[in-house]
$ cat input_18.pdb   # PDB, C-alpha atoms, pLDDT in the B column
ATOM      1  CA  MET D   1       0.000   0.000   0.000  1.00 43.00           C
ATOM      2  CA  SER D   2       1.375   3.357  -0.939  1.00 46.00           C
ATOM      3  CA  GLU D   3       1.096   6.294   1.403  1.00 46.00           C
ATOM      4  CA  ASP D   4       1.661   9.905   0.538  1.00 44.00           C
ATOM      5  CA  ASN D   5       4.477  11.793   2.218  1.00 41.00           C
ATOM      6  CA  ASN D   6       7.210  14.037   0.953  1.00 42.00           C
ATOM      7  CA  SER D   7       9.545  11.101   0.395  1.00 43.00           C
ATOM      8  CA  SER D   8       7.102   8.741  -1.365  1.00 51.00           C
ATOM      9  CA  PRO D   9       8.020   7.865  -4.925  1.00 53.00           C
ATOM     10  CA  ALA D  10       5.461   8.740  -7.588  1.00 55.00           C
ATOM     11  CA  GLY D  11       4.938   5.068  -8.453  1.00 53.00           C
ATOM     12  CA  SER D  12       6.486   2.241 -10.382  1.00 53.00           C
ATOM     13  CA  PRO D  13       8.275   3.234 -13.582  1.00 59.00           C
ATOM     14  CA  ASP D  14       5.626   3.641 -16.272  1.00 67.00           C
ATOM     15  CA  PHE D  15       4.308   6.438 -18.449  1.00 70.00           C
ATOM     16  CA  LEU D  16       2.129   8.126 -15.815  1.00 70.00           C
ATOM     17  CA  SER D  17       4.635   7.862 -12.963  1.00 75.00           C
ATOM     18  CA  GLU D  18       7.331   9.361 -15.206  1.00 83.00           C
ATOM     19  CA  VAL D  19       5.015  12.267 -16.060  1.00 82.00           C
ATOM     20  CA  CYS D  20       4.288  12.670 -12.339  1.00 81.00           C
ATOM     21  CA  CYS D  21       8.011  12.762 -11.472  1.00 88.00           C
ATOM     22  CA  GLN D  22       8.750  15.300 -14.209  1.00 90.00           C
ATOM     23  CA  TRP D  23       5.819  17.480 -13.121  1.00 88.00           C
ATOM     24  CA  GLU D  24       6.885  17.391  -9.466  1.00 90.00           C
ATOM     25  CA  ASN D  25      10.525  18.098 -10.395  1.00 90.00           C
ATOM     26  CA  ALA D  26       9.386  21.101 -12.451  1.00 91.00           C
ATOM     27  CA  THR D  27       7.879  22.653  -9.312  1.00 91.00           C
ATOM     28  CA  GLU D  28      11.237  22.599  -7.489  1.00 93.00           C
ATOM     29  CA  ILE D  29      12.071  26.133  -8.640  1.00 93.00           C
ATOM     30  CA  ALA D  30       8.891  27.441  -6.979  1.00 93.00           C
ATOM     31  CA  LYS D  31       9.725  25.601  -3.753  1.00 92.00           C
ATOM     32  CA  GLN D  32      13.232  27.078  -3.774  1.00 94.00           C
ATOM     33  CA  ALA D  33      11.682  30.530  -4.170  1.00 96.00           C
ATOM     34  CA  GLY D  34       9.664  29.948  -0.993  1.00 94.00           C
ATOM     35  CA  ILE D  35       6.346  29.373  -2.725  1.00 96.00           C
ATOM     36  CA  ARG D  36       4.059  26.737  -1.199  1.00 96.00           C
ATOM     37  CA  VAL D  37       3.592  23.939  -3.727  1.00 96.00           C
ATOM     38  CA  VAL D  38       1.047  21.137  -3.528  1.00 96.00           C
ATOM     39  CA  ASN D  39       1.525  18.256  -5.953  1.00 95.00           C
ATOM     40  CA  ILE D  40      -1.835  16.512  -6.256  1.00 95.00           C
ATOM     41  CA  ARG D  41      -1.437  12.909  -7.410  1.00 94.00           C
ATOM     42  CA  ILE D  42      -4.819  12.070  -8.913  1.00 93.00           C
ATOM     43  CA  GLY D  43      -6.253   8.549  -9.004  1.00 92.00           C
ATOM     44  CA  VAL D  44      -8.814   7.207 -11.477  1.00 92.00           C
ATOM     45  CA  VAL D  45     -11.484   9.921 -11.586  1.00 95.00           C
ATOM     46  CA  LEU D  46     -15.075   8.667 -11.727  1.00 95.00           C
ATOM     47  CA  GLY D  47     -17.036  10.758 -14.174  1.00 91.00           C
ATOM     48  CA  ALA D  48     -19.842   9.596 -16.461  1.00 87.00           C
ATOM     49  CA  ALA D  49     -18.883  12.102 -19.163  1.00 90.00           C
ATOM     50  CA  GLY D  50     -15.248  11.102 -19.604  1.00 87.00           C
ATOM     51  CA  GLY D  51     -12.332   8.954 -18.584  1.00 85.00           C
ATOM     52  CA  MET D  52     -12.362   5.264 -17.814  1.00 85.00           C
ATOM     53  CA  LEU D  53     -15.961   5.110 -16.579  1.00 91.00           C
ATOM     54  CA  ALA D  54     -17.370   6.718 -19.730  1.00 90.00           C
ATOM     55  CA  LYS D  55     -15.514   4.174 -21.874  1.00 85.00           C
ATOM     56  CA  ILE D  56     -16.699   1.125 -19.944  1.00 88.00           C
ATOM     57  CA  LEU D  57     -20.318   2.207 -19.375  1.00 93.00           C
ATOM     58  CA  PRO D  58     -21.670   1.301 -22.843  1.00 92.00           C
ATOM     59  CA  PRO D  59     -20.670  -2.389 -22.706  1.00 90.00           C
ATOM     60  CA  PHE D  60     -21.817  -2.637 -19.059  1.00 93.00           C
ATOM     61  CA  LYS D  61     -25.194  -1.097 -19.922  1.00 94.00           C
ATOM     62  CA  MET D  62     -25.597  -3.658 -22.729  1.00 93.00           C
ATOM     63  CA  GLY D  63     -24.789  -6.531 -20.353  1.00 92.00           C
ATOM     64  CA  PHE D  64     -21.295  -7.148 -21.747  1.00 91.00           C
ATOM     65  CA  GLY D  65     -19.298  -5.808 -18.824  1.00 91.00           C
ATOM     66  CA  GLY D  66     -16.650  -7.738 -17.012  1.00 92.00           C
ATOM     67  CA  LYS D  67     -13.391  -7.706 -15.170  1.00 92.00           C
ATOM     68  CA  VAL D  68     -10.166  -6.805 -16.935  1.00 87.00           C
ATOM     69  CA  GLY D  69      -7.519  -9.516 -17.021  1.00 84.00           C
ATOM     70  CA  THR D  70      -7.355 -11.332 -13.673  1.00 87.00           C
ATOM     71  CA  GLY D  71      -9.423  -8.678 -11.903  1.00 92.00           C
ATOM     72  CA  LYS D  72      -6.961  -8.734  -8.993  1.00 93.00           C
ATOM     73  CA  GLN D  73      -5.331  -5.398  -9.874  1.00 92.00           C
ATOM     74  CA  TRP D  74      -6.093  -2.559  -7.476  1.00 94.00           C
ATOM     75  CA  ILE D  75      -7.834   0.629  -8.569  1.00 94.00           C
ATOM     76  CA  SER D  76      -7.244   3.794  -6.570  1.00 94.00           C
ATOM     77  CA  TRP D  77     -10.252   5.884  -7.550  1.00 96.00           C
ATOM     78  CA  ILE D  78     -11.699   9.286  -6.649  1.00 97.00           C
ATOM     79  CA  GLY D  79     -15.155  10.783  -7.149  1.00 96.00           C
ATOM     80  CA  LEU D  80     -15.132  13.999  -9.178  1.00 95.00           C
ATOM     81  CA  ASP D  81     -16.818  15.936  -6.350  1.00 95.00           C
ATOM     82  CA  ASP D  82     -14.093  14.842  -3.932  1.00 97.00           C
ATOM     83  CA  LEU D  83     -11.325  15.691  -6.393  1.00 97.00           C
ATOM     84  CA  LEU D  84     -12.666  19.224  -6.701  1.00 97.00           C
ATOM     85  CA  GLY D  85     -13.068  19.365  -2.924  1.00 97.00           C
ATOM     86  CA  ILE D  86      -9.451  18.253  -2.412  1.00 98.00           C
ATOM     87  CA  ILE D  87      -8.175  20.887  -4.825  1.00 97.00           C
ATOM     88  CA  SER D  88     -10.098  23.626  -3.009  1.00 97.00           C
ATOM     89  CA  TYR D  89      -9.087  22.243   0.408  1.00 97.00           C
ATOM     90  CA  SER D  90      -5.421  22.173  -0.638  1.00 96.00           C
ATOM     91  CA  ILE D  91      -5.516  25.751  -1.876  1.00 96.00           C
ATOM     92  CA  ASN D  92      -7.104  26.990   1.339  1.00 96.00           C
ATOM     93  CA  ASN D  93      -5.156  24.867   3.844  1.00 95.00           C
ATOM     94  CA  GLU D  94      -1.703  26.457   4.266  1.00 94.00           C
ATOM     95  CA  SER D  95      -0.379  23.404   6.154  1.00 93.00           C
ATOM     96  CA  ILE D  96      -0.645  21.231   3.037  1.00 95.00           C
ATOM     97  CA  LYS D  97       2.445  21.200   0.840  1.00 94.00           C
ATOM     98  CA  GLY D  98       4.288  18.704  -1.309  1.00 94.00           C
ATOM     99  CA  PRO D  99       2.724  15.582  -2.776  1.00 94.00           C
ATOM    100  CA  ILE D 100      -0.692  14.344  -1.656  1.00 95.00           C
ATOM    101  CA  ASN D 101      -2.742  11.489  -3.043  1.00 96.00           C
ATOM    102  CA  ALA D 102      -6.153  12.528  -4.336  1.00 97.00           C
ATOM    103  CA  VAL D 103      -7.769   9.107  -4.053  1.00 97.00           C
ATOM    104  CA  ALA D 104     -10.635   7.754  -1.970  1.00 98.00           C
ATOM    105  CA  PRO D 105      -9.575   6.014   1.239  1.00 97.00           C
ATOM    106  CA  ASN D 106     -10.954   2.650   0.063  1.00 97.00           C
ATOM    107  CA  PRO D 107      -9.264   1.335  -3.094  1.00 97.00           C
ATOM    108  CA  VAL D 108     -10.896  -1.703  -4.705  1.00 97.00           C
ATOM    109  CA  THR D 109      -9.829  -4.511  -6.988  1.00 96.00           C
ATOM    110  CA  ASN D 110     -10.914  -4.499 -10.611  1.00 94.00           C
ATOM    111  CA  ALA D 111     -13.195  -7.468  -9.856  1.00 95.00           C
ATOM    112  CA  ASP D 112     -14.862  -5.559  -6.976  1.00 97.00           C
ATOM    113  CA  PHE D 113     -15.229  -2.471  -9.179  1.00 97.00           C
ATOM    114  CA  THR D 114     -16.826  -4.637 -11.875  1.00 96.00           C
ATOM    115  CA  ASP D 115     -19.251  -6.309  -9.459  1.00 96.00           C
ATOM    116  CA  THR D 116     -20.270  -2.990  -7.895  1.00 97.00           C
ATOM    117  CA  LEU D 117     -20.858  -1.254 -11.231  1.00 97.00           C
ATOM    118  CA  ALA D 118     -22.816  -4.229 -12.602  1.00 96.00           C
ATOM    119  CA  ALA D 119     -25.025  -4.374  -9.493  1.00 96.00           C
ATOM    120  CA  ILE D 120     -25.777  -0.635  -9.655  1.00 96.00           C
ATOM    121  CA  LEU D 121     -26.719  -0.960 -13.326  1.00 96.00           C
ATOM    122  CA  SER D 122     -28.643  -4.224 -12.650  1.00 95.00           C
ATOM    123  CA  LYS D 123     -26.659  -5.926 -15.404  1.00 95.00           C
ATOM    124  CA  PRO D 124     -24.579  -9.090 -15.460  1.00 94.00           C
ATOM    125  CA  ALA D 125     -20.788  -8.862 -15.574  1.00 91.00           C
ATOM    126  CA  LYS D 126     -19.760 -12.369 -16.544  1.00 89.00           C
ATOM    127  CA  PHE D 127     -17.089 -11.576 -19.095  1.00 87.00           C
ATOM    128  CA  THR D 128     -13.358 -11.317 -18.695  1.00 89.00           C
ATOM    129  CA  ILE D 129     -11.824  -8.733 -20.995  1.00 82.00           C
ATOM    130  CA  PRO D 130      -8.413  -9.892 -22.222  1.00 82.00           C
ATOM    131  CA  SER D 131      -5.513  -7.486 -21.800  1.00 80.00           C
ATOM    132  CA  PHE D 132      -4.880  -7.169 -25.551  1.00 82.00           C
ATOM    133  CA  ILE D 133      -8.388  -5.796 -26.131  1.00 80.00           C
ATOM    134  CA  VAL D 134      -7.950  -3.235 -23.339  1.00 75.00           C
ATOM    135  CA  GLU D 135      -4.631  -2.157 -24.882  1.00 78.00           C
ATOM    136  CA  LYS D 136      -6.326  -1.724 -28.266  1.00 80.00           C
ATOM    137  CA  VAL D 137      -9.161   0.424 -26.841  1.00 74.00           C
ATOM    138  CA  PHE D 138      -7.136   2.492 -24.322  1.00 72.00           C
ATOM    139  CA  GLY D 139      -3.739   2.593 -26.030  1.00 73.00           C
ATOM    140  CA  GLU D 140      -0.691   3.332 -23.881  1.00 67.00           C
ATOM    141  CA  LEU D 141      -2.839   4.337 -20.914  1.00 65.00           C
ATOM    142  CA  ALA D 142      -4.189   0.766 -20.648  1.00 68.00           C
ATOM    143  CA  ASN D 143      -1.221  -0.436 -18.624  1.00 67.00           C
ATOM    144  CA  ALA D 144      -1.068   2.663 -16.457  1.00 63.00           C
ATOM    145  CA  VAL D 145      -4.787   2.766 -15.653  1.00 64.00           C
ATOM    146  CA  LEU D 146      -6.450  -0.636 -16.084  1.00 68.00           C
ATOM    147  CA  LEU D 147      -3.818  -3.362 -16.145  1.00 72.00           C
ATOM    148  CA  THR D 148      -1.376  -2.151 -13.504  1.00 76.00           C
ATOM    149  CA  SER D 149      -2.260  -2.638  -9.864  1.00 82.00           C
ATOM    150  CA  THR D 150      -2.079   0.580  -7.838  1.00 82.00           C
ATOM    151  CA  ARG D 151      -3.258   0.510  -4.225  1.00 91.00           C
ATOM    152  CA  VAL D 152      -2.871   4.014  -2.816  1.00 93.00           C
ATOM    153  CA  VAL D 153      -4.417   5.610   0.275  1.00 95.00           C
ATOM    154  CA  PRO D 154      -4.634   9.343   1.096  1.00 97.00           C
ATOM    155  CA  THR D 155      -2.912   9.114   4.486  1.00 95.00           C
ATOM    156  CA  ARG D 156      -1.638  12.706   4.675  1.00 93.00           C
ATOM    157  CA  LEU D 157      -4.919  14.114   3.404  1.00 95.00           C
ATOM    158  CA  LEU D 158      -6.883  12.223   6.059  1.00 95.00           C
ATOM    159  CA  GLN D 159      -4.416  13.352   8.735  1.00 95.00           C
ATOM    160  CA  THR D 160      -5.174  16.978   7.841  1.00 94.00           C
ATOM    161  CA  GLY D 161      -8.870  16.373   8.480  1.00 94.00           C
ATOM    162  CA  TYR D 162     -10.237  16.257   4.945  1.00 96.00           C
ATOM    163  CA  GLN D 163     -13.725  14.683   4.984  1.00 95.00           C
ATOM    164  CA  PHE D 164     -14.567  12.661   1.898  1.00 97.00           C
ATOM    165  CA  ARG D 165     -18.046  13.018   0.473  1.00 96.00           C
ATOM    166  CA  PHE D 166     -17.764   9.589  -1.151  1.00 96.00           C
ATOM    167  CA  SER D 167     -15.345   7.265   0.571  1.00 95.00           C
ATOM    168  CA  ASP D 168     -16.879   4.037  -0.718  1.00 96.00           C
ATOM    169  CA  LEU D 169     -17.195   3.019  -4.356  1.00 97.00           C
ATOM    170  CA  GLU D 170     -20.903   2.244  -4.341  1.00 97.00           C
ATOM    171  CA  SER D 171     -21.984   5.686  -3.137  1.00 96.00           C
ATOM    172  CA  ALA D 172     -19.546   7.404  -5.528  1.00 97.00           C
ATOM    173  CA  LEU D 173     -20.800   5.427  -8.538  1.00 97.00           C
ATOM    174  CA  ARG D 174     -24.450   5.904  -7.581  1.00 96.00           C
ATOM    175  CA  HIS D 175     -23.937   9.670  -7.321  1.00 95.00           C
ATOM    176  CA  THR D 176     -21.957   9.826 -10.576  1.00 95.00           C
ATOM    177  CA  LEU D 177     -24.537   7.767 -12.480  1.00 95.00           C
ATOM    178  CA  GLY D 178     -27.609   9.362 -10.875  1.00 93.00           C
ATOM    179  CA  LYS D 179     -28.653   6.064  -9.270  1.00 87.00           C
ATOM    180  CA  THR D 180     -29.797   7.135  -5.834  1.00 75.00           C
ATOM    181  CA  THR D 181     -31.440   3.894  -4.697  1.00 56.00           C
ATOM    182  CA  ILE D 182     -29.083   2.031  -2.366  1.00 51.00           C
ATOM    183  CA  LYS D 183     -29.031  -1.761  -2.696  1.00 49.00           C
ATOM    184  CA  THR D 184     -27.082  -4.360  -0.839  1.00 45.00           C
ATOM    185  CA  ILE D 185     -24.064  -5.502  -2.842  1.00 46.00           C
ATOM    186  CA  GLY D 186     -22.275  -8.637  -1.737  1.00 47.00           C
ATOM    187  CA  ASN D 187     -22.160  -8.885   2.054  1.00 40.00           C
ATOM    188  CA  LYS D 188     -22.371  -5.136   2.646  1.00 44.00           C
ATOM    189  CA  ASN D 189     -25.287  -3.789   4.666  1.00 37.00           C
ATOM    190  CA  ASN D 190     -26.016  -0.393   3.177  1.00 38.00           C
ATOM    191  CA  VAL D 191     -28.796   1.885   4.321  1.00 33.00           C
TER     192      VAL D 191
END
$ encode --input "input_18.pdb" --output "structure tokens"
Amino acid sequence: MSEDNNSSPAGSPDFLSEVCCQWENATEIAKQAGIRVVNIRIGVVLGAAGGMLAKILPPFKMGFGGKVGTGKQWISWIGLDDLLGIISYSINNESIKGPINAVAPNPVTNADFTDTLAAILSKPAKFTIPSFIVEKVFGELANAVLLTSTRVVPTRLLQTGYQFRFSDLESALRHTLGKTTIKTIGNKNNV
């Protein structure tokens, strides 16, 4: 599990972690000038209008959804409302500086993500999507976003007192998709 602190690496060497390192290194001049810098490391943003969720919704809605590869890879996600809240919170909280992880405190596996999304949509998710198909659809971001396992928690952010609006995947997906009825998924007892 990765935690965010000033000495945490930006991730394993891949396209996105290299971009993250270059971006954070580029802010060094501002830090040296005494300017407070916050490097927000953003997880998979849940938005129905774009990103990963928008690309996987059509097959899920048609009943052709399923886990990617083994389904064991971790997804560190964030609801769009919380991402915007974290940005505002970081701007207004002078004690926050350096890298912070903008992810929900409860990462899930791809299989859990699949099961939760399918249950919310009341659709089956029996398929397994082979890695080569994901690479064809998502290009070079496939490995960085869907095929690589990234289990990150927002330790520093929680320590500062940030209160997540959506800390669990089900409530975040229901809000994002406009599905307000709460059902029981798996062994969870939701109200």
$ closest_residue --input "input_18.pdb" --among "D:Asn110, D:Leu83, D:Lys126, D:Thr150" --to "Leu16 of chain D" --atoms "all atoms listed in the file"
D:Thr150
$ atom_distance --input "input_18.pdb" --atom1 "atom CA of Gln73 of chain D" --atom2 "atom CA of Ala104 of chain D"
16.2 Å
$ resolve_selection --input "input_18.pdb" --expression "the PyMOL selection byres ((chain D and resi 97-101) around 7)" --output "PyMOL selection string"
chain D and resi 4-6+36-42+95-96+102-103+153-154+156-157
$ atom_distance --input "input_18.pdb" --atom1 "atom CA of Lys55 of chain D" --atom2 "atom CA of Val134 of chain D"
10.7 Å
$ closest_residue --input "input_18.pdb" --among "D:Pro107, D:Gly50, D:Pro58, D:Gly79" --to "Lys123 of chain D" --atoms "all atoms listed in the file"
D:Pro58
$ atom_distance --input "input_18.pdb" --atom1 "atom CA of Gln159 of chain D" --atom2 "atom CA of Ala26 of chain D"
26.4 Å
$ resolve_selection --input "input_18.pdb" --expression "the PyMOL selection byres ((chain D and resi 170) around 9)" --output "list in words"
Phe113, Thr116, Leu117, Ile120, Phe166, Ser167, Asp168, Leu169, Ser171, Ala172, Leu173, Arg174, His175, Ile182 and Ile185 of chain D
$ resolve_selection --input "input_18.pdb" --expression "the PyMOL selection byres ((chain D and resi 51) around 12)" --output "list in words"
Gly43, Val44, Val45, Leu46, Gly47, Ala48, Ala49, Gly50, Met52, Leu53, Ala54, Lys55, Ile56, Leu57, Trp77, Ile78, Gly79, Leu80, Phe138, Leu141, Ala142, Val145 and Leu146 of chain D
$ write_last_selection --input "input_18.pdb" --atoms "C-alpha atoms" --output "compact mmCIF listing (two decimals), in the coordinates of the input"
# COMPACT_ATOMS: atom_id res chain seq x y z
CA GLY D 43 -6.25 8.55 -9.00
CA VAL D 44 -8.81 7.21 -11.48
CA VAL D 45 -11.48 9.92 -11.59
CA LEU D 46 -15.08 8.67 -11.73
CA GLY D 47 -17.04 10.76 -14.17
CA ALA D 48 -19.84 9.60 -16.46
CA ALA D 49 -18.88 12.10 -19.16
CA GLY D 50 -15.25 11.10 -19.60
CA MET D 52 -12.36 5.26 -17.81
CA LEU D 53 -15.96 5.11 -16.58
CA ALA D 54 -17.37 6.72 -19.73
CA LYS D 55 -15.51 4.17 -21.87
CA ILE D 56 -16.70 1.12 -19.94
CA LEU D 57 -20.32 2.21 -19.38
CA TRP D 77 -10.25 5.88 -7.55
CA ILE D 78 -11.70 9.29 -6.65
CA GLY D 79 -15.16 10.78 -7.15
CA LEU D 80 -15.13 14.00 -9.18
CA PHE D 138 -7.14 2.49 -24.32
CA LEU D 141 -2.84 4.34 -20.91
CA ALA D 142 -4.19 0.77 -20.65
CA VAL D 145 -4.79 2.77 -15.65
CA LEU D 146 -6.45 -0.64 -16.08
$ closest_residue --input "input_18.pdb" --among "D:Thr176, D:Thr160, D:Gln22, D:Ser149" --to "Ser90 of chain D" --atoms "all atoms listed in the file"
D:Thr160
$ closest_residue --input "input_18.pdb" --among "D:Ala125, D:Leu158, D:Ile133, D:Val19" --to "Pro105 of chain D" --atoms "all atoms listed in the file"
D:Leu158
$ residues_around --input "input_18.pdb" --residues "Thr114 of chain D" --least-positions-apart "5" --cutoff "8 Å" --atoms "only C-alpha atoms" --output "ChimeraX atom specification"
/D:65-67,125
$ closest_residue --input "input_18.pdb" --among "D:Leu177, D:Val152, D:Cys20, D:Val68" --to "Glu135 of chain D" --atoms "only C-alpha atoms"
D:Val68
$ closest_residue --input "input_18.pdb" --among "D:Gly71, D:Gly161, D:Pro59, D:Pro124" --to "Ile86 of chain D" --atoms "all atoms listed in the file"
D:Gly161
